[in-house]
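Okay, structure first, notes after.
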Amino acid sequence: LVDAVLGAEVRVPTLSGVVALTIHPETQNGQSFRLKGQGMPGKNNSGPRGDLYATVKVIIPLGLSDRGRDLFRELKAMGS
């Protein structure tokens with residue numbers, strides 16, 4: 001949730017290893033990012049690799065403390 005709101009660099013697993021993906025501030029849940037050349041290889045492993053699409057999944061925090069809930073209430077009161 002915080003990474004989607006403020007932006008972050010996240011690690012995304014691909015077929016050939018982990019890559020860094022920059023998530024821009026205010027990224028929406030379900031938004032997809034294209035990772036060019038990180039997808040499936042061509043037929044018989046020849047030719048260029050296809051693209052991989054990474055979709056943002058915002059995870060709502062569970063088990064918030066009283067202070068955490070108060071902070072969300074403050075955000076709501078600010079009109080967020």
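Going by the structure tokens order, chains are called A, B, ..., each with residues numbered from 1, while ligands are numbered from 1 in the order shown.
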Legend entry - Residue contacts of segment 54-59 of chain A (7 Å, only C-alpha atoms) excluding same-chain residues fewer than 3 positions away, as a list in words: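 Counting only the stated atoms, we get Leu1, Asn29, Gly30, Gln31, Ser32, Phe33 and Arg34 of chain A.
Between Gly37 of chain A and the candidates A:Val5, A:Leu52, A:Met78, A:Val12, the tightest atom-to-atom separation, counting only C-alpha atoms, involves A:Leu52.
Distances to Gly7 of chain A were evaluated for A:Lys36, A:Lys43, A:His24, A:Arg73 using only C-alpha atoms, and the minimum falls at A:His24.
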Inset, instruction - Just list the residues in chain A DSSP gives helix (DSSP H, G or I) on the backbone, as a ChimeraX atom specification. - result: /A:2-6,43-45,66-77
Just the selected residues (N, CA, C and O atoms), exported as a short mmCIF file (atom, residue, chain, number, x, y, z; two decimals), in the first residue's frame, please.
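Dumped to out_34.cif:
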```
data_model
loop_
_atom_site.label_atom_id
_atom_site.label_comp_id
_atom_site.auth_asym_id
_atom_site.auth_seq_id
_atom_site.Cartn_x
_atom_site.Cartn_y
_atom_site.Cartn_z
N VAL A 2 1.84 1.27 0.88
CA VAL A 2 2.73 2.43 0.99
C VAL A 2 3.54 2.61 -0.29
O VAL A 2 3.69 3.73 -0.79
N ASP A 3 4.04 1.52 -0.86
CA ASP A 3 4.82 1.60 -2.10
C ASP A 3 3.97 2.15 -3.24
O ASP A 3 4.45 2.93 -4.07
N ALA A 4 2.70 1.74 -3.32
CA ALA A 4 1.82 2.23 -4.38
C ALA A 4 1.52 3.71 -4.20
O ALA A 4 1.45 4.46 -5.17
N VAL A 5 1.37 4.15 -2.98
CA VAL A 5 1.05 5.56 -2.73
C VAL A 5 2.27 6.46 -2.92
O VAL A 5 2.20 7.49 -3.60
N LEU A 6 3.40 6.07 -2.37
CA LEU A 6 4.58 6.93 -2.37
C LEU A 6 5.56 6.64 -3.50
O LEU A 6 6.43 7.46 -3.79
N LYS A 43 10.12 -19.75 -30.27
CA LYS A 43 10.02 -21.18 -30.55
C LYS A 43 11.41 -21.80 -30.64
O LYS A 43 12.32 -21.23 -31.23
N ASN A 44 11.60 -22.95 -30.02
CA ASN A 44 12.88 -23.67 -29.97
C ASN A 44 13.99 -22.82 -29.34
O ASN A 44 15.16 -22.95 -29.68
N ASN A 45 13.61 -21.95 -28.41
CA ASN A 45 14.55 -21.06 -27.71
C ASN A 45 15.34 -20.17 -28.66
O ASN A 45 16.45 -19.74 -28.35
N ASP A 66 -3.74 0.49 17.19
CA ASP A 66 -4.64 1.65 17.35
C ASP A 66 -4.04 2.87 16.67
O ASP A 66 -4.74 3.63 16.01
N ARG A 67 -2.74 3.05 16.79
CA ARG A 67 -2.05 4.19 16.15
C ARG A 67 -2.16 4.09 14.63
O ARG A 67 -2.39 5.10 13.96
N GLY A 68 -2.00 2.90 14.09
CA GLY A 68 -2.13 2.72 12.66
C GLY A 68 -3.51 3.08 12.15
O GLY A 68 -3.67 3.77 11.14
N ARG A 69 -4.55 2.64 12.87
CA ARG A 69 -5.93 3.00 12.49
C ARG A 69 -6.14 4.50 12.60
O ARG A 69 -6.79 5.10 11.75
N ASP A 70 -5.58 5.11 13.64
CA ASP A 70 -5.70 6.57 13.79
C ASP A 70 -5.06 7.30 12.61
O ASP A 70 -5.60 8.29 12.12
N LEU A 71 -3.93 6.80 12.13
CA LEU A 71 -3.27 7.43 10.98
C LEU A 71 -4.14 7.34 9.73
O LEU A 71 -4.25 8.29 8.96
N PHE A 72 -4.79 6.19 9.52
CA PHE A 72 -5.69 6.06 8.38
C PHE A 72 -6.90 6.98 8.52
O PHE A 72 -7.38 7.56 7.55
N ARG A 73 -7.39 7.13 9.75
CA ARG A 73 -8.50 8.07 9.98
C ARG A 73 -8.07 9.51 9.65
O ARG A 73 -8.84 10.28 9.07
N GLU A 74 -6.86 9.86 10.02
CA GLU A 74 -6.32 11.19 9.69
C GLU A 74 -6.26 11.39 8.19
O GLU A 74 -6.64 12.45 7.67
N LEU A 75 -5.79 10.37 7.46
CA LEU A 75 -5.74 10.46 5.99
C LEU A 75 -7.14 10.64 5.41
O LEU A 75 -7.34 11.44 4.51
N LYS A 76 -8.09 9.90 5.95
CA LYS A 76 -9.47 10.00 5.46
C LYS A 76 -10.01 11.41 5.72
O LYS A 76 -10.65 12.00 4.84
N ALA A 77 -9.73 11.96 6.88
CA ALA A 77 -10.21 13.30 7.23
C ALA A 77 -9.60 14.37 6.33
O ALA A 77 -10.20 15.42 6.08
#
```
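Those residues of chain A that DSSP, working from the backbone, places in strand (DSSP E or B) are Ala8, Glu9, Val10, Arg11, Val12, Pro13, Thr14, Gly17, Val18, Val19, Ala20, Leu21, Thr22, Ile23, Ser32, Phe33, Arg34, Leu35, Leu52, Tyr53, Ala54 and Thr55 of chain A.
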Could you write those residues out with C-alpha atoms, as a CSV table (one decimal), in the first residue's frame?
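Written out: selection36.csv:
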```csv
chain,number,residue,atom,x,y,z
A,8,ALA,CA,9.2,2.5,-4.7
A,9,GLU,CA,11.6,0.2,-6.4
A,10,VAL,CA,10.3,-3.4,-6.1
A,11,ARG,CA,11.9,-6.7,-7.1
A,12,VAL,CA,10.0,-8.7,-9.7
A,13,PRO,CA,10.8,-12.4,-10.4
A,14,THR,CA,11.2,-13.2,-14.1
A,17,GLY,CA,16.1,-13.9,-12.6
A,18,VAL,CA,14.9,-11.0,-10.5
A,19,VAL,CA,14.7,-7.4,-12.0
A,20,ALA,CA,14.0,-4.1,-10.3
A,21,LEU,CA,10.8,-2.3,-11.3
A,22,THR,CA,10.1,1.4,-10.4
A,23,ILE,CA,6.6,1.9,-9.1
A,32,SER,CA,0.3,-3.4,-15.3
A,33,PHE,CA,3.9,-2.7,-16.3
A,34,ARG,CA,5.5,-4.2,-19.4
A,35,LEU,CA,9.0,-5.7,-18.8
A,52,LEU,CA,6.4,-10.0,-19.3
A,53,TYR,CA,3.6,-8.1,-17.7
A,54,ALA,CA,3.8,-7.4,-14.0
A,55,THR,CA,0.5,-6.4,-12.3
```
Inset, instruction - Record the distance separating atom CA of Pro61 of chain A and atom CA of Gln28 of chain A, expressed in Å with one decimal. - result: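 Distance between the two atoms: 16.2 Å.
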